[in-house]
file data.cif (mmCIF, C-alpha atoms)
data_input
#
loop_
_atom_site.group_PDB
_atom_site.id
_atom_site.type_symbol
_atom_site.label_atom_id
_atom_site.label_comp_id
_atom_site.auth_asym_id
_atom_site.auth_seq_id
_atom_site.Cartn_x
_atom_site.Cartn_y
_atom_site.Cartn_z
ATOM 1 C CA MET A 5 6.519 -39.568 -20.066
ATOM 2 C CA ARG A 6 7.318 -36.311 -18.280
ATOM 3 C CA THR A 7 4.832 -34.700 -15.925
ATOM 4 C CA PHE A 8 4.194 -30.997 -15.648
ATOM 5 C CA LYS A 9 5.721 -29.619 -12.427
ATOM 6 C CA PRO A 10 4.704 -25.995 -11.785
ATOM 7 C CA GLU A 11 7.016 -25.745 -8.760
ATOM 8 C CA ARG A 12 10.037 -26.239 -11.038
ATOM 9 C CA ILE A 13 8.849 -23.443 -13.295
ATOM 10 C CA LEU A 14 8.207 -21.157 -10.310
ATOM 11 C CA THR A 15 11.636 -21.965 -8.847
ATOM 12 C CA GLY A 16 13.260 -21.168 -12.191
ATOM 13 C CA LEU A 17 11.341 -17.920 -12.546
ATOM 14 C CA ALA A 18 12.255 -16.911 -8.991
ATOM 15 C CA GLY A 19 15.914 -17.600 -9.779
ATOM 16 C CA LEU A 20 15.745 -15.489 -12.923
ATOM 17 C CA LEU A 21 14.069 -12.687 -10.995
ATOM 18 C CA LEU A 22 16.802 -12.727 -8.336
ATOM 19 C CA LEU A 23 19.472 -12.805 -11.025
ATOM 20 C CA GLY A 24 17.827 -9.866 -12.783
ATOM 21 C CA LEU A 25 17.538 -7.880 -9.560
ATOM 22 C CA GLY A 26 21.185 -8.521 -8.788
ATOM 23 C CA ALA A 27 22.152 -7.151 -12.185
ATOM 24 C CA CYS A 28 20.268 -3.912 -11.633
ATOM 25 C CA GLU A 29 22.248 -0.842 -10.726
ATOM 26 C CA GLN A 30 21.218 0.496 -7.357
ATOM 27 C CA VAL A 31 20.346 4.166 -7.181
ATOM 28 C CA GLN A 32 21.545 5.758 -3.972
ATOM 29 C CA GLU A 33 19.404 8.368 -2.303
ATOM 30 C CA PRO A 34 21.300 11.478 -1.253
ATOM 31 C CA SER A 35 22.729 10.813 2.197
ATOM 32 C CA GLY A 36 21.824 14.319 3.333
ATOM 33 C CA ALA A 37 18.070 13.772 2.927
ATOM 34 C CA ALA A 38 16.118 15.958 5.321
ATOM 35 C CA LEU A 39 14.661 14.095 8.274
ATOM 36 C CA PRO A 40 11.153 14.931 9.386
ATOM 37 C CA THR A 41 11.122 18.060 11.520
ATOM 38 C CA HIS A 42 7.994 16.984 13.385
ATOM 39 C CA LEU A 43 9.605 14.291 15.560
ATOM 40 C CA PRO A 44 9.097 14.856 19.286
ATOM 41 C CA ASN A 45 12.117 15.771 21.406
ATOM 42 C CA GLY A 46 14.152 12.709 22.301
ATOM 43 C CA ALA A 47 12.588 10.533 19.602
ATOM 44 C CA VAL A 48 14.792 7.939 17.950
ATOM 45 C CA LEU A 49 14.099 7.711 14.223
ATOM 46 C CA LEU A 50 13.780 4.048 13.242
ATOM 47 C CA SER A 51 12.622 4.367 9.636
ATOM 48 C CA ASP A 52 12.090 7.269 7.287
ATOM 49 C CA THR A 53 10.304 6.442 5.066
ATOM 50 C CA LEU A 54 8.876 2.908 5.017
ATOM 51 C CA VAL A 55 6.459 1.865 2.268
ATOM 52 C CA TYR A 56 4.540 -1.384 2.622
ATOM 53 C CA SER A 57 1.251 -2.981 1.616
ATOM 54 C CA VAL A 58 -1.389 -4.423 3.913
ATOM 55 C CA ASP A 59 -3.916 -6.967 2.719
ATOM 56 C CA LEU A 60 -7.399 -6.179 3.986
ATOM 57 C CA VAL A 61 -8.832 -9.587 3.106
ATOM 58 C CA PRO A 62 -7.212 -13.026 2.981
ATOM 59 C CA ALA A 63 -5.874 -13.704 -0.513
ATOM 60 C CA ASP A 64 -6.473 -17.439 -0.064
ATOM 61 C CA SER A 65 -9.741 -18.691 1.419
ATOM 62 C CA LEU A 66 -7.905 -21.722 2.849
ATOM 63 C CA ASP A 67 -5.326 -19.599 4.687
ATOM 64 C CA THR A 68 -6.631 -19.761 8.259
ATOM 65 C CA TRP A 69 -3.780 -17.592 9.596
ATOM 66 C CA SER A 70 -4.699 -14.707 7.275
ATOM 67 C CA ALA A 71 -8.378 -15.148 8.054
ATOM 68 C CA TRP A 72 -7.659 -14.978 11.792
ATOM 69 C CA ARG A 73 -5.296 -12.013 11.530
ATOM 70 C CA LEU A 74 -7.748 -10.018 9.389
ATOM 71 C CA ARG A 75 -10.896 -11.011 11.278
ATOM 72 C CA HIS A 76 -11.529 -7.482 12.607
ATOM 73 C CA VAL A 77 -10.783 -5.631 9.363
ATOM 74 C CA ALA A 78 -13.711 -4.127 7.465
ATOM 75 C CA PRO A 79 -12.370 -2.905 4.098
ATOM 76 C CA ARG A 80 -15.606 -1.346 2.800
ATOM 77 C CA PRO A 81 -16.179 1.012 5.775
ATOM 78 C CA MET A 82 -12.504 2.018 5.629
ATOM 79 C CA ALA A 83 -12.724 2.801 1.908
ATOM 80 C CA ASP A 84 -16.074 4.566 2.414
ATOM 81 C CA PHE A 85 -14.642 6.759 5.162
ATOM 82 C CA LEU A 86 -11.543 7.770 3.193
ATOM 83 C CA LEU A 87 -13.399 8.426 -0.052
ATOM 84 C CA ASN A 88 -16.088 10.421 1.776
ATOM 85 C CA GLU A 89 -13.299 12.552 3.284
ATOM 86 C CA VAL A 90 -11.980 13.143 -0.249
ATOM 87 C CA TYR A 91 -15.442 14.103 -1.530
ATOM 88 C CA ASP A 92 -15.934 16.424 1.479
ATOM 89 C CA GLY A 93 -12.636 18.144 0.672
ATOM 90 C CA SER A 94 -11.047 17.110 3.985
ATOM 91 C CA LEU A 95 -8.486 14.918 2.187
ATOM 92 C CA GLN A 96 -6.811 15.444 -1.180
ATOM 93 C CA ALA A 97 -6.539 12.495 -3.577
ATOM 94 C CA TYR A 98 -3.548 12.127 -5.906
ATOM 95 C CA ASP A 99 -2.806 9.994 -8.927
ATOM 96 C CA TYR A 100 -0.704 7.013 -7.832
ATOM 97 C CA PHE A 101 1.661 7.189 -10.810
ATOM 98 C CA SER A 102 2.059 10.929 -11.446
ATOM 99 C CA ASP A 103 1.395 12.184 -7.889
ATOM 100 C CA GLN A 104 -0.730 14.954 -9.418
ATOM 101 C CA PRO A 105 -3.783 16.117 -7.444
ATOM 102 C CA LEU A 106 -7.080 14.622 -8.592
ATOM 103 C CA SER A 107 -10.251 16.638 -8.861
ATOM 104 C CA ILE A 108 -13.375 15.284 -7.219
ATOM 105 C CA ASP A 109 -14.784 14.670 -10.716
ATOM 106 C CA GLU A 110 -11.736 12.549 -11.588
ATOM 107 C CA VAL A 111 -12.144 10.530 -8.370
ATOM 108 C CA ARG A 112 -15.806 9.954 -9.314
ATOM 109 C CA ARG A 113 -14.763 8.820 -12.809
ATOM 110 C CA ARG A 114 -12.316 6.343 -11.291
ATOM 111 C CA GLU A 115 -15.046 5.020 -9.037
ATOM 112 C CA GLN A 116 -17.323 4.519 -12.039
ATOM 113 C CA ALA A 117 -14.787 2.386 -13.931
ATOM 114 C CA ASP A 118 -16.145 -0.966 -15.101
ATOM 115 C CA ASP A 119 -13.566 -2.994 -13.168
ATOM 116 C CA TYR A 120 -13.851 -1.040 -9.901
ATOM 117 C CA HIS A 121 -16.164 -1.245 -6.930
ATOM 118 C CA ARG A 122 -15.485 -0.208 -3.335
ATOM 119 C CA ASN A 123 -16.135 -3.788 -2.268
ATOM 120 C CA LEU A 124 -13.042 -4.758 -4.260
ATOM 121 C CA VAL A 125 -10.661 -2.545 -2.243
ATOM 122 C CA GLU A 126 -8.538 -5.247 -0.649
ATOM 123 C CA GLU A 127 -5.201 -3.551 -0.033
ATOM 124 C CA PHE A 128 -3.835 -0.370 1.461
ATOM 125 C CA GLN A 129 -0.275 0.719 0.843
ATOM 126 C CA PHE A 130 1.173 2.847 3.629
ATOM 127 C CA GLU A 131 4.050 5.321 3.608
ATOM 128 C CA GLU A 132 5.195 5.872 7.183
ATOM 129 C CA THR A 133 7.863 7.169 9.495
ATOM 130 C CA TRP A 134 8.603 4.979 12.498
ATOM 131 C CA TYR A 135 10.162 6.317 15.675
ATOM 132 C CA TYR A 136 10.619 5.361 19.311
ATOM 133 C CA LEU A 137 10.295 7.477 22.462
ATOM 134 C CA PRO A 138 12.673 5.875 24.999
ATOM 135 C CA GLY A 139 11.424 7.821 28.016
ATOM 136 C CA GLU A 140 7.853 6.667 27.382
ATOM 137 C CA GLN A 141 8.813 3.236 26.024
ATOM 138 C CA ARG A 142 6.485 3.910 23.083
ATOM 139 C CA PHE A 143 6.835 2.981 19.446
ATOM 140 C CA HIS A 144 5.107 5.360 16.987
ATOM 141 C CA LYS A 145 4.136 5.002 13.345
ATOM 142 C CA GLU A 146 3.223 8.197 11.544
ATOM 143 C CA VAL A 147 1.343 7.674 8.283
ATOM 144 C CA HIS A 148 2.291 10.172 5.570
ATOM 145 C CA ALA A 149 0.295 8.644 2.736
ATOM 146 C CA LEU A 150 -1.841 5.682 1.833
ATOM 147 C CA VAL A 151 -2.979 4.109 -1.400
ATOM 148 C CA LEU A 152 -6.278 2.322 -1.945
ATOM 149 C CA ALA A 153 -5.886 -0.639 -4.285
ATOM 150 C CA TYR A 154 -8.469 -3.048 -5.609
ATOM 151 C CA SER A 155 -8.123 -6.585 -6.830
ATOM 152 C CA LEU A 156 -8.180 -7.706 -10.417
ATOM 153 C CA TYR A 157 -9.234 -11.301 -10.986
ATOM 154 C CA ALA A 158 -8.797 -13.655 -13.925
ATOM 155 C CA SER A 159 -11.794 -15.399 -15.467
ATOM 156 C CA ASP A 160 -11.041 -18.490 -13.351
ATOM 157 C CA GLY A 161 -11.330 -16.424 -10.158
ATOM 158 C CA SER A 162 -7.595 -16.302 -9.394
ATOM 159 C CA LEU A 163 -6.052 -13.022 -8.272
ATOM 160 C CA ARG A 164 -4.212 -11.314 -11.153
ATOM 161 C CA GLY A 165 -2.956 -8.418 -9.078
ATOM 162 C CA ARG A 166 -3.900 -5.158 -7.442
ATOM 163 C CA LYS A 167 -4.579 -1.825 -9.115
ATOM 164 C CA PRO A 168 -4.190 1.501 -7.302
ATOM 165 C CA VAL A 169 -7.240 3.754 -7.277
ATOM 166 C CA LEU A 170 -5.644 6.814 -5.736
ATOM 167 C CA ARG A 171 -3.121 8.043 -3.190
ATOM 168 C CA ILE A 172 -3.989 10.182 -0.188
ATOM 169 C CA ARG A 173 -1.278 12.248 1.471
ATOM 170 C CA LEU A 174 -1.582 13.107 5.141
ATOM 171 C CA ASN A 175 0.304 15.597 7.303
ATOM 172 C CA THR A 176 1.197 17.540 4.165
ATOM 173 C CA ASN A 177 2.064 20.634 6.151
ATOM 174 C CA ASN A 178 4.907 18.683 7.799
ATOM 175 C CA ASP A 179 6.315 16.872 4.762
#
call {"tool": "encode", "arguments": {"input": "data.cif", "output": "structure tokens"}}
result
Amino acid sequence: MRTFKPERILTGLAGLLLLGLGACEQVQEPSGAALPTHLPNGAVLLSDTLVYSVDLVPADSLDTWSAWRLRHVAPRPMADFLLNEVYDGSLQAYDYFSDQPLSIDEVRRREQADDYHRNLVEEFQFEETWYYLPGEQRFHKEVHALVLAYSLYASDGSLRGRKPVLRIRLNTNND
């Protein structure tokens, strides 16, 4: 009698994913893309533009490394601060998919969705430029935008994925 082995299925799916990604045609960005004009004199550009996600809470309660590394993170106050800045008009919120500006009423509607609560914001996605100042021996990360995302869970409590609430652009006068 055969036994069910989920690791074999996951390995097969990972292989198919890699095969599929390899078959995709890569789209090249224009090589003459404008670099940020706001870099300090003498700065060495390391990355323009880097997009990455940061978990704000450990995804696995048994993962002691994630718990330790995120021990000082307080997702709710961070989300509260950013959303209050949007409601005050200090920051502009945008739709994650269309990049269209959101009205304050639309942000409120998103916050009132049945599957959303600020306590569920568990991920930020950052869009940044990284540069280095050799004379100062300093590494700088300049955030251009961030996305608040909340978790969606299955009925058994497992994480299904993350859903973006909105995108906030920063330093828009320099972009």
call {"tool": "residues_around", "arguments": {"input": "data.cif", "residues": "stretch 133-141 of chain A", "least_positions_apart": "5", "cutoff": "9 Å", "atoms": "all atoms listed in the file", "output": "list in words"}}
result
Pro40, Leu43, Pro44, Asn45, Gly46, Ala47, Val48, Leu49, Leu50, Ser51, Asp52, Thr53, Leu54, Glu146, Val147 and His148 of chain A
call {"tool": "write_last_selection", "arguments": {"input": "data.cif", "atoms": "C-alpha atoms", "output": "PDB file, in the frame of the given file"}}
result
ATOM      1  CA  PRO A  40      11.153  14.931   9.386  1.00  0.00           C
ATOM      2  CA  LEU A  43       9.605  14.291  15.560  1.00  0.00           C
ATOM      3  CA  PRO A  44       9.097  14.856  19.286  1.00  0.00           C
ATOM      4  CA  ASN A  45      12.117  15.771  21.406  1.00  0.00           C
ATOM      5  CA  GLY A  46      14.152  12.709  22.301  1.00  0.00           C
ATOM      6  CA  ALA A  47      12.588  10.533  19.602  1.00  0.00           C
ATOM      7  CA  VAL A  48      14.792   7.939  17.950  1.00  0.00           C
ATOM      8  CA  LEU A  49      14.099   7.711  14.223  1.00  0.00           C
ATOM      9  CA  LEU A  50      13.780   4.048  13.242  1.00  0.00           C
ATOM     10  CA  SER A  51      12.622   4.367   9.636  1.00  0.00           C
ATOM     11  CA  ASP A  52      12.090   7.269   7.287  1.00  0.00           C
ATOM     12  CA  THR A  53      10.304   6.442   5.066  1.00  0.00           C
ATOM     13  CA  LEU A  54       8.876   2.908   5.017  1.00  0.00           C
ATOM     14  CA  GLU A 146       3.223   8.197  11.544  1.00  0.00           C
ATOM     15  CA  VAL A 147       1.343   7.674   8.283  1.00  0.00           C
ATOM     16  CA  HIS A 148       2.291  10.172   5.570  1.00  0.00           C
TER      17      HIS A 148
END
call {"tool": "atom_distance", "arguments": {"input": "data.cif", "atom1": "atom CA of A:Ile108", "atom2": "atom CA of A:Tyr56"}}
result
26.4 Å
call {"tool": "residues_near_point", "arguments": {"input": "data.cif", "point": "(-9.3, -17.3, -2.2)", "cutoff": "9 Å", "atoms": "only C-alpha atoms", "output": "JSON, numbers by chain"}}
result
{"A": [62, 63, 64, 65, 66, 67, 161, 162, 163]}
call {"tool": "write_last_selection", "arguments": {"input": "data.cif", "atoms": "C-alpha atoms", "output": "mmCIF file, in the coordinates of the input"}}
result
data_model
loop_
_atom_site.group_PDB
_atom_site.id
_atom_site.type_symbol
_atom_site.label_atom_id
_atom_site.label_comp_id
_atom_site.auth_asym_id
_atom_site.auth_seq_id
_atom_site.Cartn_x
_atom_site.Cartn_y
_atom_site.Cartn_z
ATOM 1 C CA PRO A 62 -7.212 -13.026 2.981
ATOM 2 C CA ALA A 63 -5.874 -13.704 -0.513
ATOM 3 C CA ASP A 64 -6.473 -17.439 -0.064
ATOM 4 C CA SER A 65 -9.741 -18.691 1.419
ATOM 5 C CA LEU A 66 -7.905 -21.722 2.849
ATOM 6 C CA ASP A 67 -5.326 -19.599 4.687
ATOM 7 C CA GLY A 161 -11.330 -16.424 -10.158
ATOM 8 C CA SER A 162 -7.595 -16.302 -9.394
ATOM 9 C CA LEU A 163 -6.052 -13.022 -8.272
#
call {"tool": "atom_distance", "arguments": {"input": "data.cif", "atom1": "atom CA of A:Leu124", "atom2": "atom CA of A:Tyr154"}}
result
5.1 Å
call {"tool": "atom_distance", "arguments": {"input": "data.cif", "atom1": "atom CA of A:Arg173", "atom2": "atom CA of A:Ala97"}}
result
7.3 Å
call {"tool": "residues_around", "arguments": {"input": "data.cif", "residues": "A:Asp99", "least_positions_apart": "3", "cutoff": "9 Å", "atoms": "all atoms listed in the file", "output": "PyMOL selection string"}}
result
chain A and resi 102-106+168-172
call {"tool": "resolve_selection", "arguments": {"input": "data.cif", "expression": "the PyMOL selection byres ((chain A and resi 57) around 6)", "output": "ChimeraX atom specification"}}
result
/A:56,58,128-129
call {"tool": "closest_residue", "arguments": {"input": "data.cif", "among": "A:Glu132, A:Glu127, A:Arg114, A:Asp59", "to": "A:Ala71", "atoms": "only C-alpha atoms"}}
result
A:Asp59
call {"tool": "resolve_selection", "arguments": {"input": "data.cif", "expression": "the PyMOL selection byres ((chain A and resi 76-90) around 9)", "output": "list in words"}}
result
Leu60, Val61, Trp72, Arg73, Leu74, Arg75, Tyr91, Asp92, Gly93, Ser94, Leu95, Gln96, Ala97, Ile108, Val111, Arg122, Asn123, Leu124, Val125, Glu126, Glu127, Leu152 and Ile172 of chain A
call {"tool": "closest_residue", "arguments": {"input": "data.cif", "among": "A:His42, A:Gln116, A:Arg142, A:Ser159", "to": "A:Asn175", "atoms": "only C-alpha atoms"}}
result
A:His42
